[in-house]
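**Student:** I'm passing along work_8.txt; it holds compact mmCIF, C-alpha atoms.
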```txt
# COMPACT_ATOMS: atom_id res chain seq x y z
CA MET B 1455 190.29 24.56 138.10
CA ALA B 1456 186.91 25.44 139.53
CA SER B 1457 184.83 28.04 137.74
CA LEU B 1458 184.29 31.28 139.61
CA THR B 1459 181.03 33.07 140.22
CA SER B 1460 180.65 36.30 142.15
CA HIS B 1461 177.96 38.82 142.95
CA PRO B 1462 178.15 42.12 141.03
CA ASP B 1463 178.24 44.11 144.30
CA GLU B 1464 180.96 41.94 145.84
CA THR B 1465 184.14 43.65 147.05
CA LYS B 1466 186.87 41.19 146.21
CA VAL B 1467 189.71 40.92 148.67
CA VAL B 1468 190.89 37.32 148.88
CA SER B 1469 189.74 36.60 145.33
CA LYS B 1470 190.89 39.85 143.71
CA ARG B 1471 193.48 38.06 141.53
CA PHE B 1472 191.38 34.97 140.78
CA GLY B 1473 191.17 34.26 137.06
CA MET B 1474 193.97 36.72 136.27
CA GLY B 1475 196.85 34.24 135.82
CA ALA B 1476 198.37 34.96 139.24
CA THR B 1477 199.79 31.44 139.47
CA ASN B 1478 202.51 32.69 137.10
CA ILE B 1479 205.10 34.70 139.03
CA ASP B 1480 205.58 37.32 136.30
CA ARG B 1481 201.83 37.95 136.17
CA TYR B 1482 201.66 37.98 139.98
CA LEU B 1483 204.36 40.65 140.04
CA GLU B 1484 202.44 42.70 137.44
CA LEU B 1485 199.47 42.53 139.84
CA ASP B 1486 201.62 44.02 142.66
CA GLY B 1487 202.60 40.65 144.06
CA TYR B 1488 205.34 40.48 146.68
CA LYS B 1489 205.02 44.25 147.33
CA ALA B 1490 203.66 43.52 150.81
CA VAL B 1491 206.69 41.34 151.65
CA GLN B 1492 208.97 44.01 150.21
CA LYS B 1493 207.39 46.50 152.62
CA ALA B 1494 207.26 44.11 155.59
CA VAL B 1495 210.94 43.22 155.33
CA THR B 1496 211.76 46.90 156.04
CA MET B 1497 209.54 47.00 159.15
CA GLN B 1498 210.03 45.93 162.74
CA PRO B 1499 207.98 42.90 163.83
CA ASP B 1500 205.78 44.92 166.20
CA ASP B 1501 205.04 47.40 163.42
CA ILE B 1502 203.90 44.58 161.13
CA ILE B 1503 201.72 43.16 163.88
CA ASN B 1504 200.16 46.55 164.67
CA GLN B 1505 199.44 47.23 161.01
CA VAL B 1506 197.72 43.85 160.67
CA LYS B 1507 195.80 44.43 163.92
CA ASN B 1508 194.61 47.84 162.72
CA SER B 1509 193.60 46.45 159.33
CA GLY B 1510 190.98 44.24 160.98
CA LEU B 1511 192.25 41.15 159.12
CA ARG B 1512 190.66 38.06 160.59
CA GLY B 1513 191.28 34.35 160.25
CA ARG B 1514 189.07 32.50 157.79
CA GLY B 1515 188.33 29.66 160.20
CA GLY B 1516 185.18 29.42 162.26
CA ALA B 1517 186.25 31.85 164.99
CA GLY B 1518 187.28 34.71 162.68
CA PHE B 1519 189.96 35.70 165.21
CA ASN B 1520 191.94 38.93 164.67
CA THR B 1521 195.17 37.90 162.92
CA GLY B 1522 197.42 40.64 164.32
CA LEU B 1523 196.21 39.94 167.84
CA LYS B 1524 196.99 36.24 167.39
CA TRP B 1525 200.49 37.09 166.16
CA SER B 1526 201.05 39.36 169.17
CA PHE B 1527 200.68 36.34 171.50
CA VAL B 1528 203.85 34.69 170.14
CA PRO B 1529 206.60 35.05 172.79
CA LYS B 1530 209.16 37.52 171.46
CA GLN B 1531 212.15 36.55 173.62
CA SER B 1532 211.80 32.76 173.47
CA PRO B 1533 215.06 31.02 172.49
CA LYS B 1534 213.05 28.25 170.81
CA PRO B 1535 212.59 28.35 167.04
CA LYS B 1536 209.26 29.60 165.74
CA TYR B 1537 207.43 28.16 162.76
CA ILE B 1538 204.57 29.42 160.63
CA LEU B 1539 202.02 26.75 159.77
CA CYS B 1540 199.59 27.42 156.94
CA ASN B 1541 196.77 24.92 157.23
CA GLY B 1542 195.31 24.30 153.77
CA ASP B 1543 193.38 21.26 154.95
CA GLU B 1544 189.97 22.79 154.30
CA SER B 1545 188.24 20.45 156.69
CA GLU B 1546 185.80 22.88 158.29
CA PRO B 1547 182.33 21.65 157.37
CA GLY B 1548 180.95 23.36 154.28
CA THR B 1549 184.05 25.36 153.37
CA CYS B 1550 185.80 25.47 150.02
CA LYS B 1551 188.07 28.49 150.38
CA ASP B 1552 191.57 27.02 150.64
CA ARG B 1553 191.41 25.03 147.42
CA LEU B 1554 190.42 28.10 145.43
CA ILE B 1555 193.16 30.26 146.91
CA PHE B 1556 195.80 27.64 146.12
CA GLU B 1557 194.41 27.17 142.60
CA HIS B 1558 194.19 30.84 141.67
CA ASP B 1559 196.62 32.78 143.89
CA PRO B 1560 199.29 30.51 145.43
CA HIS B 1561 201.88 33.30 145.56
CA ALA B 1562 199.55 35.20 147.90
CA VAL B 1563 199.68 32.24 150.28
CA ILE B 1564 203.48 32.20 150.12
CA GLU B 1565 203.61 35.96 150.62
CA GLY B 1566 201.28 35.74 153.62
CA VAL B 1567 203.38 32.98 155.21
CA VAL B 1568 206.53 35.10 154.84
CA ILE B 1569 204.86 38.18 156.32
CA ALA B 1570 203.58 36.16 159.28
CA GLY B 1571 207.10 34.84 159.81
CA LEU B 1572 208.63 38.31 159.71
CA ALA B 1573 206.03 39.47 162.23
CA VAL B 1574 206.70 36.77 164.82
CA GLY B 1575 210.44 36.26 164.31
CA SER B 1576 210.27 32.98 162.43
CA THR B 1577 212.55 31.95 159.58
CA THR B 1578 210.59 28.87 158.44
CA GLY B 1579 207.07 28.23 157.26
CA TYR B 1580 205.16 25.12 156.23
CA ILE B 1581 202.16 24.93 153.95
CA TYR B 1582 200.01 21.88 154.62
CA ILE B 1583 197.75 20.59 151.84
CA ARG B 1584 195.41 17.66 152.36
CA GLY B 1585 196.25 14.56 150.36
CA GLU B 1586 192.88 14.52 148.61
CA TYR B 1587 194.04 17.68 146.82
CA ARG B 1588 197.15 16.11 145.28
CA TYR B 1589 196.77 18.27 142.18
CA LEU B 1590 197.31 21.35 144.38
CA LEU B 1591 200.75 20.10 145.37
CA GLU B 1592 201.87 20.55 141.77
CA ILE B 1593 200.26 23.99 141.60
CA VAL B 1594 202.05 25.07 144.81
CA GLN B 1595 205.45 23.54 144.00
CA LYS B 1596 205.99 25.74 140.92
CA PRO B 1597 205.25 29.08 142.67
CA LEU B 1598 207.51 28.05 145.56
CA ALA B 1599 210.34 27.23 143.16
CA ASP B 1600 209.75 30.52 141.32
CA ALA B 1601 209.77 32.51 144.58
CA TYR B 1602 213.11 30.94 145.49
CA ALA B 1603 214.49 31.56 141.99
CA HIS B 1604 213.54 35.26 142.21
CA GLY B 1605 215.15 35.64 145.65
CA PHE B 1606 211.87 36.23 147.50
CA LEU B 1607 212.68 33.30 149.81
CA ARG B 1608 215.78 31.91 151.51
CA LYS B 1609 218.46 34.36 152.65
CA ASN B 1610 218.60 38.14 152.27
CA ILE B 1611 215.05 38.79 151.04
CA PHE B 1612 215.03 41.96 148.92
CA GLY B 1613 218.60 42.65 150.06
CA ARG B 1614 217.47 43.37 153.63
CA GLY B 1615 219.46 40.65 155.42
CA ARG B 1616 216.38 38.76 156.56
CA GLY B 1617 215.67 35.24 155.39
CA PHE B 1618 212.72 32.89 155.26
CA ASP B 1619 212.15 29.38 153.90
CA VAL B 1620 208.79 27.87 152.95
CA TYR B 1621 208.10 24.16 152.54
CA TRP B 1622 204.95 22.28 151.60
CA HIS B 1623 203.68 19.07 153.13
CA GLY B 1624 200.83 16.85 152.04
CA ARG B 1625 198.96 14.11 153.93
CA ALA B 1626 195.54 12.59 154.23
CA GLY B 1627 193.01 15.08 155.55
CA ALA B 1628 191.86 15.19 159.14
CA TYR B 1629 189.87 17.86 160.94
CA GLU B 1630 192.58 18.80 163.46
CA VAL B 1631 195.67 18.62 161.29
CA GLY B 1632 196.81 22.23 161.63
```
Write the structure described by the file as structure tokens, please.

**Tutor:**
Amino acid sequence: MASLTSHPDETKVVSKRFGMGATNIDRYLELDGYKAVQKAVTMQPDDIINQVKNSGLRGRGGAGFNTGLKWSFVPKQSPKPKYILCNGDESEPGTCKDRLIFEHDPHAVIEGVVIAGLAVGSTTGYIYIRGEYRYLLEIVQKPLADAYAHGFLRKNIFGRGRGFDVYWHGRAGAYEVG
């Protein structure tokens, strides 16, 4: 894993669990992991979207687009299935964020995919990891298996009657994969 360096005045958000063993599900749970999904599964989709809009959460790509606003554009009444795609390709020039998140906090990625799915009415999510990061596939497979084993994925998440599946996919990198 990459070594981590931060500024003393930095407010950690994305990296708050880096270096704390959060790849292990028991440790992730000790660090309040899956609490956000536990809350989201009790909420209506529009309430999740509004909370994310109001939080100011933005995408980490070049545009920095408001995440809740993006989710609000998904047609609510469409009979077609909806899918959540998590693009871990990391092909934006000069970026190295995705690799670190997958290395240090993969359950947070899984949790975010589930919350996005609950918000837009999806029951399936895919995590894409570029083939050059083959070692990340192993890191992500274990947390996914653990999330299924703990009942945080599949059917009846936290006993609330809502289900969600997450799969990973790896391929050679390309700028417009996602």

**Student:** Between B:Leu1591, B:Ile1583, B:Val1506, B:Ala1494, which is the closest to Glu1544 in chain B once you count all atoms listed in the file?

**Tutor:**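 Result for the nearest residue to Glu1544 in chain B: B:Ile1583.
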
**Student:** Nearest to Tyr1589 in chain B: which of B:Arg1553, B:Ser1576, B:Gly1513, B:Ala1603 is it, counting only C-alpha atoms?

**Tutor:**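 Using only C-alpha atoms, the shortest distance to Tyr1589 in chain B belongs to B:Arg1553.
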
**Student:** Which one is closest to Arg1588 in chain B: B:Gly1487, B:Ala1570, B:Arg1471, B:Arg1625? Count all atoms listed in the file.

**Tutor:**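 Checking each candidate against Arg1588 in chain B, we get B:Arg1625 as the closest.
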
**Student:** With distances taken over all atoms listed in the file, which residue among B:Gln1492, B:Gln1505, B:Thr1578, B:Asn1610 lies nearest Pro1535 in chain B?

**Tutor:** B:Thr1578

**Student:** Of the candidates B:Ile1581, B:Ile1479, B:Leu1511, B:Leu1485, which shows the shortest atom-to-atom distance to Phe1606 in chain B, using all atoms listed in the file?

**Tutor:**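 That would be B:Ile1479, the residue with the smallest distance to Phe1606 in chain B.
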
**Student:** Do you have the CA of Tyr1488 in chain B-CA of Phe1527 in chain B distance handy?

**Tutor:**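 One can read the CA of Tyr1488 in chain B to CA of Phe1527 in chain B distance as 25.6 Å.
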
**Student:** By how many Å are CA of Asn1504 in chain B and CA of Gly1605 in chain B apart?

**Tutor:**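 Separating CA of Asn1504 in chain B from CA of Gly1605 in chain B is a distance of 26.6 Å.
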
**Student:** Give me the residues near Val1620 in chain B as a PyMOL selection string, where near means some atom within 9 Å (using only C-alpha atoms) and where sequence neighbours in that chain fewer than 6 positions away do not count.

**Tutor:** chain B and resi 1538+1564+1567-1568+1577-1581+1598+1607-1608

**Student:** Kindly compute an axis-aligned box around the listed atoms of range 1603-1621 of chain B, allowing 3 Å on each side, and express its centre and edge lengths in Å to one decimal as JSON.

**Tutor:**
```
{"center_x": 213.8, "center_y": 33.8, "center_z": 149.3, "size_x": 17.4, "size_y": 25.2, "size_z": 20.6}
```

**Student:** Would you work out the distance separating CA of Asn1478 in chain B from CA of Thr1496 in chain B, expressed in Å to one decimal?

**Tutor:**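 Interatomic distance here is 25.4 Å.
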